[in-house]
Amino acid sequence: MQRLAMDLRMLSRELSLYLEHQVRVGFFGSGVGLSLILGFSVAYACYYLSSIAKTLHGCWFSFQKPQLVTGGESFSRFLQDHCPVVTETYYPTVWCWESRGQTLLRPFITSKPPVQYRKCVVFNNRGVAGENLLTPRTYCCANTEDLETVIHHVYSLYPSAPFLAAGVSMGGMLLLNYLGKTGPKTPLMAAATFSVGWNTFACSESLEKPLNWLLFNYYLTTCLQSSVNKHRHMFAKEVDMDHVMKAKSIREFDKRFTAVMFGYQTIDDYYADASPSRRLKSVGIPVLCLNSVDDVFSPSHAIPIETAKQNPNIALVLTSHGGHIGFLEGIWPRQCTYMDRVFKQFVQAMVEHGHELSNM
């Protein structure tokens with residue numbers, strides 16, 4: 001409560017200074033108008049600060065620092081020393097801090113960062129990015145063969161280069177499943193994941209709630225259908241494509257297409273195999289995983305906190321807000337997000353100071 005009061009006083013003071021600077025003329029420049037604006041601003045600040053408190057697995061989340069969960073003191077100390085952003089207070093955008101708002105708005109208001117890429121590889125799944133399928137096979141987050149092939153190919157070209165990987169959402173699920181299967185026998189020195197769906201069953205259940213289905217599930221289902229429909233001639237002998245195109249949810253699509261494509265007996269078999277949480281204990285390199293506990297794609301009760309505590313290579317960074325790949329911050333979050341800052345600092349820390357982990 002003391003911290004909350006301090007945050008409130010700080011935010012109120014900043015709002016006052018901002019309004020005094022911006023509001024000059026007319027009704028809004030008068031004492032009455034300014035008092036009304038300040039009163040409303042303070043009231044909203046109280047609502048904003050008090051509405052972002054959450055509990056997760058018995059832990060109280062206040063509008064303060066993210067929760068850092070690690071399986072060993074060495075990794076925790078390394079991150080605090082070289083990746084301090086994971087211990088800083090994350091202030092979600094004041095007018096857009098709700099999970100769905102963060103998720104929906106980020107693609108429209110954030111600009112592409114002015115980055116010059118060097119030695120950088122993007123892994124595209126089969127049949128996407130305009131490529132035609134040459135065999136009747138697509139991709140899923142449980143099958144890691146293609147990713148493993150790409151990783152070993154890149155390593156063969158640049159065996160002495162620092163080699164890291166990052167995965168977002170489903171890409172993070174694929175990356176974690178790969179790391180869980182290979183353990184320490186991977187060319188990668190470290191990895192980072194963002195907004196991963198830890199338990200596929202819980203993800204599907206959350207996305208099938210009426211509002212989430214309307215905002216996300218149905219649209220994503222149509223995207224999946226579109227991605228396979230352009231190659232439907234390749235699947236004529238494998239899958240009933242007419243039945244696939246009638247799916248109304250991701251779960252129905254996975255049951256009719258993905259599970260059949262990859263030889264699973266049931267959708268439950270596929271979802272069990274696709275859930276990264278079951279392989280987390282086998283990861284053998286340092287991995288930082290950023291999640292928001294209000295992410296409707298990855299419900300907080302499915303985040304494997306206890307499993308992470310049992311692996312010294314894992315660090316979970318959990319924020320109270322941020323949505324799914326949102327993490328917007330600032331008044332007008334057009335440039336860098338909290339997720340971007342975490343990624344930048346972690347990669348730099350591992351490249352420049354990663355050797356310290358082996359000495360701890």
# chains A, B, ... in the order shown; residues from 1 in each chain; ligands from 1
call {"tool": "residues_around", "arguments": {"residues": "range 286-300 of chain A", "least_positions_apart": "5", "cutoff": "9 Å", "atoms": "only C-alpha atoms", "output": "MDAnalysis selection string"}}
result
chainID A and resid 54 56:57 75 98:100 103 169 172 176 189:200 202:204 206:207 212 312:327 339 342 346 350 357
call {"tool": "write_last_selection", "arguments": {"atoms": "N, CA and C atoms", "output": "short mmCIF file (atom, residue, chain, number, x, y, z; two decimals), in the first residue's frame"}}
result
data_model
loop_
_atom_site.label_atom_id
_atom_site.label_comp_id
_atom_site.auth_asym_id
_atom_site.auth_seq_id
_atom_site.Cartn_x
_atom_site.Cartn_y
_atom_site.Cartn_z
N LYS A 54 -3.00 -7.98 -9.10
CA LYS A 54 -3.46 -9.33 -9.40
C LYS A 54 -2.81 -10.30 -8.43
N LEU A 56 -1.29 -14.35 -8.40
CA LEU A 56 -0.91 -15.47 -9.25
C LEU A 56 -0.30 -16.55 -8.39
N HIS A 57 -0.94 -17.72 -8.32
CA HIS A 57 -0.44 -18.85 -7.55
C HIS A 57 -0.11 -18.42 -6.12
N PHE A 75 21.40 -17.53 -12.22
CA PHE A 75 20.70 -16.91 -13.34
C PHE A 75 19.99 -15.65 -12.88
N GLU A 98 -5.68 -2.65 -20.52
CA GLU A 98 -6.44 -3.90 -20.47
C GLU A 98 -5.87 -4.89 -21.49
N SER A 99 -5.90 -6.16 -21.14
CA SER A 99 -5.24 -7.20 -21.92
C SER A 99 -5.63 -7.20 -23.39
N ARG A 100 -6.93 -7.22 -23.67
CA ARG A 100 -7.38 -7.31 -25.06
C ARG A 100 -7.04 -6.05 -25.84
N THR A 103 -3.42 -6.19 -26.79
CA THR A 103 -3.22 -7.19 -27.84
C THR A 103 -3.67 -6.69 -29.20
N SER A 169 4.98 -16.10 -29.24
CA SER A 169 3.70 -16.81 -29.28
C SER A 169 3.91 -18.27 -29.72
N GLY A 172 7.45 -19.25 -30.01
CA GLY A 172 8.07 -19.55 -28.72
C GLY A 172 7.75 -20.95 -28.25
N LEU A 176 10.63 -23.70 -27.48
CA LEU A 176 10.75 -24.38 -26.20
C LEU A 176 10.62 -25.89 -26.34
N MET A 189 23.36 -20.86 -27.67
CA MET A 189 23.93 -20.54 -26.37
C MET A 189 22.86 -20.03 -25.39
N ALA A 190 21.75 -19.52 -25.93
CA ALA A 190 20.66 -19.01 -25.09
C ALA A 190 19.44 -18.76 -25.98
N ALA A 191 18.30 -18.51 -25.34
CA ALA A 191 17.08 -18.25 -26.09
C ALA A 191 16.15 -17.37 -25.26
N ALA A 192 15.20 -16.76 -25.96
CA ALA A 192 14.18 -15.93 -25.30
C ALA A 192 12.84 -16.21 -25.95
N THR A 193 11.79 -16.25 -25.14
CA THR A 193 10.44 -16.44 -25.67
C THR A 193 9.51 -15.37 -25.10
N PHE A 194 8.47 -15.07 -25.85
CA PHE A 194 7.56 -14.01 -25.48
C PHE A 194 6.11 -14.45 -25.72
N SER A 195 5.29 -14.28 -24.69
CA SER A 195 3.85 -14.60 -24.77
C SER A 195 3.59 -16.02 -25.24
N VAL A 196 4.32 -16.96 -24.66
CA VAL A 196 4.14 -18.37 -25.01
C VAL A 196 2.87 -18.92 -24.38
N GLY A 197 2.17 -19.77 -25.13
CA GLY A 197 1.05 -20.53 -24.58
C GLY A 197 1.61 -21.80 -23.94
N TRP A 198 1.63 -21.86 -22.62
CA TRP A 198 2.32 -22.95 -21.93
C TRP A 198 1.55 -24.26 -21.97
N ASN A 199 0.25 -24.17 -21.87
CA ASN A 199 -0.59 -25.36 -21.85
C ASN A 199 -1.66 -25.19 -22.93
N THR A 200 -1.58 -26.02 -23.97
CA THR A 200 -2.46 -25.84 -25.13
C THR A 200 -3.92 -26.04 -24.79
N ALA A 202 -5.36 -25.22 -21.88
CA ALA A 202 -5.80 -24.00 -21.21
C ALA A 202 -5.91 -22.85 -22.20
N CYS A 203 -5.01 -22.79 -23.16
CA CYS A 203 -5.08 -21.75 -24.20
C CYS A 203 -6.39 -21.84 -24.98
N SER A 204 -6.72 -23.04 -25.40
CA SER A 204 -7.94 -23.24 -26.19
C SER A 204 -9.19 -22.90 -25.39
N SER A 206 -9.46 -20.82 -22.91
CA SER A 206 -9.55 -19.38 -22.73
C SER A 206 -10.03 -18.69 -24.00
N LEU A 207 -9.50 -19.11 -25.14
CA LEU A 207 -9.87 -18.47 -26.40
C LEU A 207 -11.28 -18.84 -26.86
N ASN A 212 -13.52 -13.65 -26.22
CA ASN A 212 -12.23 -14.00 -26.82
C ASN A 212 -12.42 -14.71 -28.16
N PRO A 312 17.58 -24.66 -13.30
CA PRO A 312 18.43 -23.47 -13.14
C PRO A 312 18.65 -22.70 -14.44
N ASN A 313 18.23 -23.25 -15.56
CA ASN A 313 18.40 -22.58 -16.85
C ASN A 313 17.21 -21.70 -17.24
N ILE A 314 16.14 -21.74 -16.46
CA ILE A 314 14.90 -21.04 -16.82
C ILE A 314 14.70 -19.80 -15.97
N ALA A 315 14.28 -18.71 -16.62
CA ALA A 315 13.86 -17.50 -15.92
C ALA A 315 12.53 -17.05 -16.50
N LEU A 316 11.50 -17.02 -15.66
CA LEU A 316 10.20 -16.47 -16.05
C LEU A 316 10.13 -15.02 -15.60
N VAL A 317 9.74 -14.14 -16.49
CA VAL A 317 9.50 -12.74 -16.15
C VAL A 317 8.01 -12.50 -16.37
N LEU A 318 7.30 -12.27 -15.28
CA LEU A 318 5.84 -12.19 -15.34
C LEU A 318 5.37 -10.80 -14.93
N THR A 319 4.67 -10.13 -15.86
CA THR A 319 4.11 -8.82 -15.58
C THR A 319 2.62 -8.94 -15.30
N SER A 320 2.08 -7.98 -14.56
CA SER A 320 0.65 -8.03 -14.24
C SER A 320 -0.21 -7.65 -15.43
N HIS A 321 0.34 -6.86 -16.35
CA HIS A 321 -0.38 -6.46 -17.56
C HIS A 321 0.55 -6.54 -18.76
N GLY A 322 -0.04 -6.43 -19.94
CA GLY A 322 0.74 -6.51 -21.16
C GLY A 322 0.04 -7.24 -22.28
N GLY A 323 -0.98 -8.06 -21.92
CA GLY A 323 -1.73 -8.77 -22.96
C GLY A 323 -0.87 -9.79 -23.69
N HIS A 324 -1.26 -10.09 -24.91
CA HIS A 324 -0.55 -11.05 -25.74
C HIS A 324 0.31 -10.31 -26.76
N ILE A 325 1.61 -10.33 -26.56
CA ILE A 325 2.57 -9.62 -27.40
C ILE A 325 2.26 -8.13 -27.43
N GLY A 326 1.74 -7.60 -26.33
CA GLY A 326 1.43 -6.19 -26.25
C GLY A 326 2.56 -5.43 -25.57
N PHE A 327 2.51 -5.38 -24.24
CA PHE A 327 3.53 -4.74 -23.41
C PHE A 327 3.76 -3.29 -23.81
N MET A 339 8.53 -5.33 -24.03
CA MET A 339 9.02 -6.57 -24.61
C MET A 339 10.28 -6.33 -25.44
N VAL A 342 13.22 -5.80 -23.08
CA VAL A 342 13.66 -7.06 -22.47
C VAL A 342 14.51 -7.85 -23.47
N PHE A 346 18.52 -8.62 -22.87
CA PHE A 346 18.88 -10.02 -22.62
C PHE A 346 19.87 -10.52 -23.66
N MET A 350 23.71 -11.73 -22.86
CA MET A 350 24.21 -13.08 -23.14
C MET A 350 25.43 -13.03 -24.06
N LEU A 357 27.85 -16.98 -16.63
CA LEU A 357 26.93 -18.00 -16.13
C LEU A 357 27.64 -19.34 -15.90
#
call {"tool": "residues_around", "arguments": {"residues": "range 334-336 of chain A", "least_positions_apart": "3", "cutoff": "12 Å", "atoms": "only C-alpha atoms", "output": "compact mmCIF listing (two decimals) with N, CA and C atoms, in the first residue's frame"}}
result
# COMPACT_ATOMS: atom_id res chain seq x y z
N THR A 93 0.57 1.43 -20.76
CA THR A 93 -0.03 2.67 -21.27
C THR A 93 -1.33 2.98 -20.54
N LEU A 105 -4.31 -3.48 -30.22
CA LEU A 105 -3.81 -2.20 -30.70
C LEU A 105 -2.34 -2.20 -31.10
N ARG A 106 -1.57 -3.08 -30.51
CA ARG A 106 -0.13 -3.00 -30.77
C ARG A 106 0.23 -3.04 -32.26
N PRO A 107 -0.36 -3.92 -33.07
CA PRO A 107 0.04 -3.94 -34.49
C PRO A 107 -0.27 -2.64 -35.23
N PHE A 108 -1.21 -1.85 -34.69
CA PHE A 108 -1.64 -0.66 -35.41
C PHE A 108 -0.91 0.61 -34.97
N ILE A 109 -0.40 0.65 -33.74
CA ILE A 109 0.17 1.91 -33.25
C ILE A 109 1.68 1.87 -33.06
N THR A 110 2.27 0.69 -33.02
CA THR A 110 3.73 0.65 -32.90
C THR A 110 4.37 0.70 -34.28
N SER A 111 5.45 1.43 -34.37
CA SER A 111 6.16 1.56 -35.65
C SER A 111 7.25 0.50 -35.73
N LYS A 112 7.67 0.22 -36.95
CA LYS A 112 8.76 -0.73 -37.13
C LYS A 112 10.06 -0.10 -36.63
N PRO A 113 10.79 -0.80 -35.79
CA PRO A 113 12.02 -0.21 -35.24
C PRO A 113 13.07 -0.03 -36.32
N PRO A 114 13.85 1.06 -36.24
CA PRO A 114 14.91 1.31 -37.23
C PRO A 114 16.12 0.43 -36.95
N VAL A 115 15.99 -0.84 -37.28
CA VAL A 115 17.04 -1.81 -36.98
C VAL A 115 17.74 -2.22 -38.26
N GLY A 326 1.74 -7.60 -26.33
CA GLY A 326 1.43 -6.19 -26.25
C GLY A 326 2.56 -5.43 -25.57
N PHE A 327 2.51 -5.38 -24.24
CA PHE A 327 3.53 -4.74 -23.41
C PHE A 327 3.76 -3.29 -23.81
N LEU A 328 2.66 -2.60 -24.17
CA LEU A 328 2.75 -1.19 -24.51
C LEU A 328 3.03 -0.37 -23.26
N GLU A 329 3.82 0.68 -23.40
CA GLU A 329 4.14 1.55 -22.28
C GLU A 329 4.30 2.97 -22.78
N GLY A 330 4.14 3.94 -21.87
CA GLY A 330 4.23 5.34 -22.26
C GLY A 330 2.89 5.90 -22.67
N ILE A 331 2.80 7.23 -22.77
CA ILE A 331 1.55 7.89 -23.15
C ILE A 331 1.14 7.51 -24.56
N MET A 339 8.53 -5.33 -24.03
CA MET A 339 9.02 -6.57 -24.61
C MET A 339 10.28 -6.33 -25.44
N ASP A 340 10.29 -5.26 -26.22
CA ASP A 340 11.46 -4.92 -27.02
C ASP A 340 12.67 -4.67 -26.14
N ARG A 341 12.46 -3.97 -25.03
CA ARG A 341 13.58 -3.65 -24.14
C ARG A 341 14.12 -4.89 -23.46
N VAL A 342 13.22 -5.80 -23.08
CA VAL A 342 13.66 -7.06 -22.47
C VAL A 342 14.51 -7.85 -23.47
N PHE A 343 14.03 -7.95 -24.70
CA PHE A 343 14.76 -8.68 -25.73
C PHE A 343 16.15 -8.09 -25.95
N LYS A 344 16.22 -6.80 -26.12
CA LYS A 344 17.49 -6.14 -26.41
C LYS A 344 18.50 -6.35 -25.29
call {"tool": "residues_around", "arguments": {"residues": "Met241 in chain A", "least_positions_apart": "3", "cutoff": "12 Å", "atoms": "only C-alpha atoms", "output": "list in words"}}
result
Gln225, Ser226, Val228, Asn229, Lys230, His231, Arg232, His233, Met234, Phe235, Ala236, Lys237, Glu238, Val244, Met245, Lys246, Ala247, Phe253, Arg256, Phe257, Thr258, Val260 and Met261 of chain A
call {"tool": "residues_around", "arguments": {"residues": "range 131-148 of chain A", "least_positions_apart": "4", "cutoff": "8 Å", "atoms": "only C-alpha atoms", "output": "number ranges by chain"}}
result
A: 123, 125-127, 152, 170-171, 173-175, 177-178, 231, 234-235, 238, 258, 261, 270, 273-275
call {"tool": "write_last_selection", "arguments": {"atoms": "C-alpha atoms", "output": "mmCIF file, in the first residue's frame"}}
result
data_model
loop_
_atom_site.group_PDB
_atom_site.id
_atom_site.type_symbol
_atom_site.label_atom_id
_atom_site.label_comp_id
_atom_site.auth_asym_id
_atom_site.auth_seq_id
_atom_site.Cartn_x
_atom_site.Cartn_y
_atom_site.Cartn_z
ATOM 1 C CA PHE A 123 12.621 -19.038 -39.757
ATOM 2 C CA ASN A 125 7.239 -22.326 -41.520
ATOM 3 C CA ARG A 126 6.336 -24.437 -44.516
ATOM 4 C CA GLY A 127 3.769 -23.024 -46.893
ATOM 5 C CA HIS A 152 22.091 -26.841 -37.514
ATOM 6 C CA MET A 170 3.494 -20.056 -31.296
ATOM 7 C CA GLY A 171 7.098 -19.543 -32.383
ATOM 8 C CA MET A 173 6.159 -22.772 -28.160
ATOM 9 C CA LEU A 174 8.011 -24.384 -31.040
ATOM 10 C CA LEU A 175 11.357 -23.127 -29.738
ATOM 11 C CA ASN A 177 9.610 -27.775 -27.450
ATOM 12 C CA TYR A 178 12.802 -28.010 -29.502
ATOM 13 C CA HIS A 231 -2.366 -25.675 -50.928
ATOM 14 C CA MET A 234 -1.603 -31.226 -51.759
ATOM 15 C CA PHE A 235 -3.835 -32.584 -48.996
ATOM 16 C CA GLU A 238 -4.607 -36.798 -46.377
ATOM 17 C CA THR A 258 -3.299 -30.509 -37.615
ATOM 18 C CA MET A 261 -1.656 -34.190 -40.641
ATOM 19 C CA TYR A 270 -1.677 -33.455 -30.077
ATOM 20 C CA ASP A 273 2.523 -33.060 -27.095
ATOM 21 C CA ALA A 274 2.354 -29.397 -28.111
ATOM 22 C CA SER A 275 2.387 -27.961 -24.560
#
call {"tool": "residues_around", "arguments": {"residues": "Gln310 in chain A", "least_positions_apart": "3", "cutoff": "9 Å", "atoms": "only C-alpha atoms", "output": "number ranges by chain"}}
result
A: 70-72, 281, 306-307, 314
call {"tool": "residues_around", "arguments": {"residues": "Val154 in chain A", "least_positions_apart": "2", "cutoff": "10 Å", "atoms": "only C-alpha atoms", "output": "VMD selection string"}}
result
chain A and resid 119 to 121 149 to 152 156 to 159 161 163 187
call {"tool": "atom_distance", "arguments": {"atom1": "CA of Val86 in chain A", "atom2": "CA of Gln67 in chain A"}}
result
8.3 Å
call {"tool": "decode", "arguments": {"residues": "range 202-261 of chain A", "atoms": "C-alpha atoms", "output": "PDB file, in the first residue's frame"}}
result
ATOM      1  CA  ALA A 202      -5.798 -24.002 -21.213  1.00  0.00           C
ATOM      2  CA  CYS A 203      -5.081 -21.746 -24.195  1.00  0.00           C
ATOM      3  CA  SER A 204      -7.944 -23.241 -26.190  1.00  0.00           C
ATOM      4  CA  GLU A 205     -10.369 -23.038 -23.277  1.00  0.00           C
ATOM      5  CA  SER A 206      -9.552 -19.379 -22.731  1.00  0.00           C
ATOM      6  CA  LEU A 207      -9.870 -18.475 -26.403  1.00  0.00           C
ATOM      7  CA  GLU A 208     -13.227 -20.233 -26.608  1.00  0.00           C
ATOM      8  CA  LYS A 209     -14.836 -17.879 -24.108  1.00  0.00           C
ATOM      9  CA  PRO A 210     -17.441 -15.805 -26.010  1.00  0.00           C
ATOM     10  CA  LEU A 211     -15.634 -12.456 -26.106  1.00  0.00           C
ATOM     11  CA  ASN A 212     -12.235 -14.001 -26.817  1.00  0.00           C
ATOM     12  CA  TRP A 213     -13.740 -16.157 -29.541  1.00  0.00           C
ATOM     13  CA  LEU A 214     -15.274 -13.086 -31.137  1.00  0.00           C
ATOM     14  CA  LEU A 215     -12.126 -10.955 -30.933  1.00  0.00           C
ATOM     15  CA  PHE A 216      -9.436 -13.526 -31.636  1.00  0.00           C
ATOM     16  CA  ASN A 217     -10.408 -17.166 -32.103  1.00  0.00           C
ATOM     17  CA  TYR A 218     -12.662 -16.926 -35.120  1.00  0.00           C
ATOM     18  CA  TYR A 219     -10.313 -14.575 -36.984  1.00  0.00           C
ATOM     19  CA  LEU A 220      -7.260 -16.743 -36.322  1.00  0.00           C
ATOM     20  CA  THR A 221      -9.212 -19.811 -37.440  1.00  0.00           C
ATOM     21  CA  THR A 222      -9.968 -18.169 -40.778  1.00  0.00           C
ATOM     22  CA  CYS A 223      -6.268 -17.291 -41.126  1.00  0.00           C
ATOM     23  CA  LEU A 224      -5.304 -20.918 -40.564  1.00  0.00           C
ATOM     24  CA  GLN A 225      -7.908 -22.062 -43.062  1.00  0.00           C
ATOM     25  CA  SER A 226      -6.652 -19.584 -45.626  1.00  0.00           C
ATOM     26  CA  SER A 227      -3.040 -20.695 -45.155  1.00  0.00           C
ATOM     27  CA  VAL A 228      -3.860 -24.336 -45.946  1.00  0.00           C
ATOM     28  CA  ASN A 229      -6.606 -23.746 -48.500  1.00  0.00           C
ATOM     29  CA  LYS A 230      -4.136 -22.287 -50.991  1.00  0.00           C
ATOM     30  CA  HIS A 231      -2.366 -25.675 -50.928  1.00  0.00           C
ATOM     31  CA  ARG A 232      -5.466 -27.847 -50.673  1.00  0.00           C
ATOM     32  CA  HIS A 233      -4.565 -29.879 -53.750  1.00  0.00           C
ATOM     33  CA  MET A 234      -1.603 -31.226 -51.759  1.00  0.00           C
ATOM     34  CA  PHE A 235      -3.835 -32.584 -48.996  1.00  0.00           C
ATOM     35  CA  ALA A 236      -6.538 -34.304 -51.042  1.00  0.00           C
ATOM     36  CA  LYS A 237      -5.421 -37.770 -49.950  1.00  0.00           C
ATOM     37  CA  GLU A 238      -4.607 -36.798 -46.377  1.00  0.00           C
ATOM     38  CA  VAL A 239      -7.414 -34.592 -45.071  1.00  0.00           C
ATOM     39  CA  ASP A 240     -11.088 -33.808 -45.702  1.00  0.00           C
ATOM     40  CA  MET A 241     -10.518 -30.180 -46.691  1.00  0.00           C
ATOM     41  CA  ASP A 242     -14.221 -29.365 -46.982  1.00  0.00           C
ATOM     42  CA  HIS A 243     -14.606 -30.386 -43.338  1.00  0.00           C
ATOM     43  CA  VAL A 244     -11.552 -28.354 -42.378  1.00  0.00           C
ATOM     44  CA  MET A 245     -12.940 -25.228 -44.026  1.00  0.00           C
ATOM     45  CA  LYS A 246     -16.085 -25.467 -41.880  1.00  0.00           C
ATOM     46  CA  ALA A 247     -14.157 -25.233 -38.593  1.00  0.00           C
ATOM     47  CA  LYS A 248     -15.308 -22.390 -36.331  1.00  0.00           C
ATOM     48  CA  SER A 249     -12.473 -22.455 -33.801  1.00  0.00           C
ATOM     49  CA  ILE A 250      -8.772 -23.194 -33.549  1.00  0.00           C
ATOM     50  CA  ARG A 251      -9.552 -26.394 -31.658  1.00  0.00           C
ATOM     51  CA  GLU A 252     -11.861 -27.603 -34.445  1.00  0.00           C
ATOM     52  CA  PHE A 253      -9.211 -26.748 -37.035  1.00  0.00           C
ATOM     53  CA  ASP A 254      -6.540 -28.612 -35.099  1.00  0.00           C
ATOM     54  CA  LYS A 255      -8.827 -31.620 -34.668  1.00  0.00           C
ATOM     55  CA  ARG A 256      -9.730 -31.783 -38.357  1.00  0.00           C
ATOM     56  CA  PHE A 257      -6.382 -30.797 -39.861  1.00  0.00           C
ATOM     57  CA  THR A 258      -3.299 -30.509 -37.615  1.00  0.00           C
ATOM     58  CA  ALA A 259      -3.810 -33.668 -35.559  1.00  0.00           C
ATOM     59  CA  VAL A 260      -4.596 -35.671 -38.713  1.00  0.00           C
ATOM     60  CA  MET A 261      -1.656 -34.190 -40.641  1.00  0.00           C
TER      61      MET A 261
END
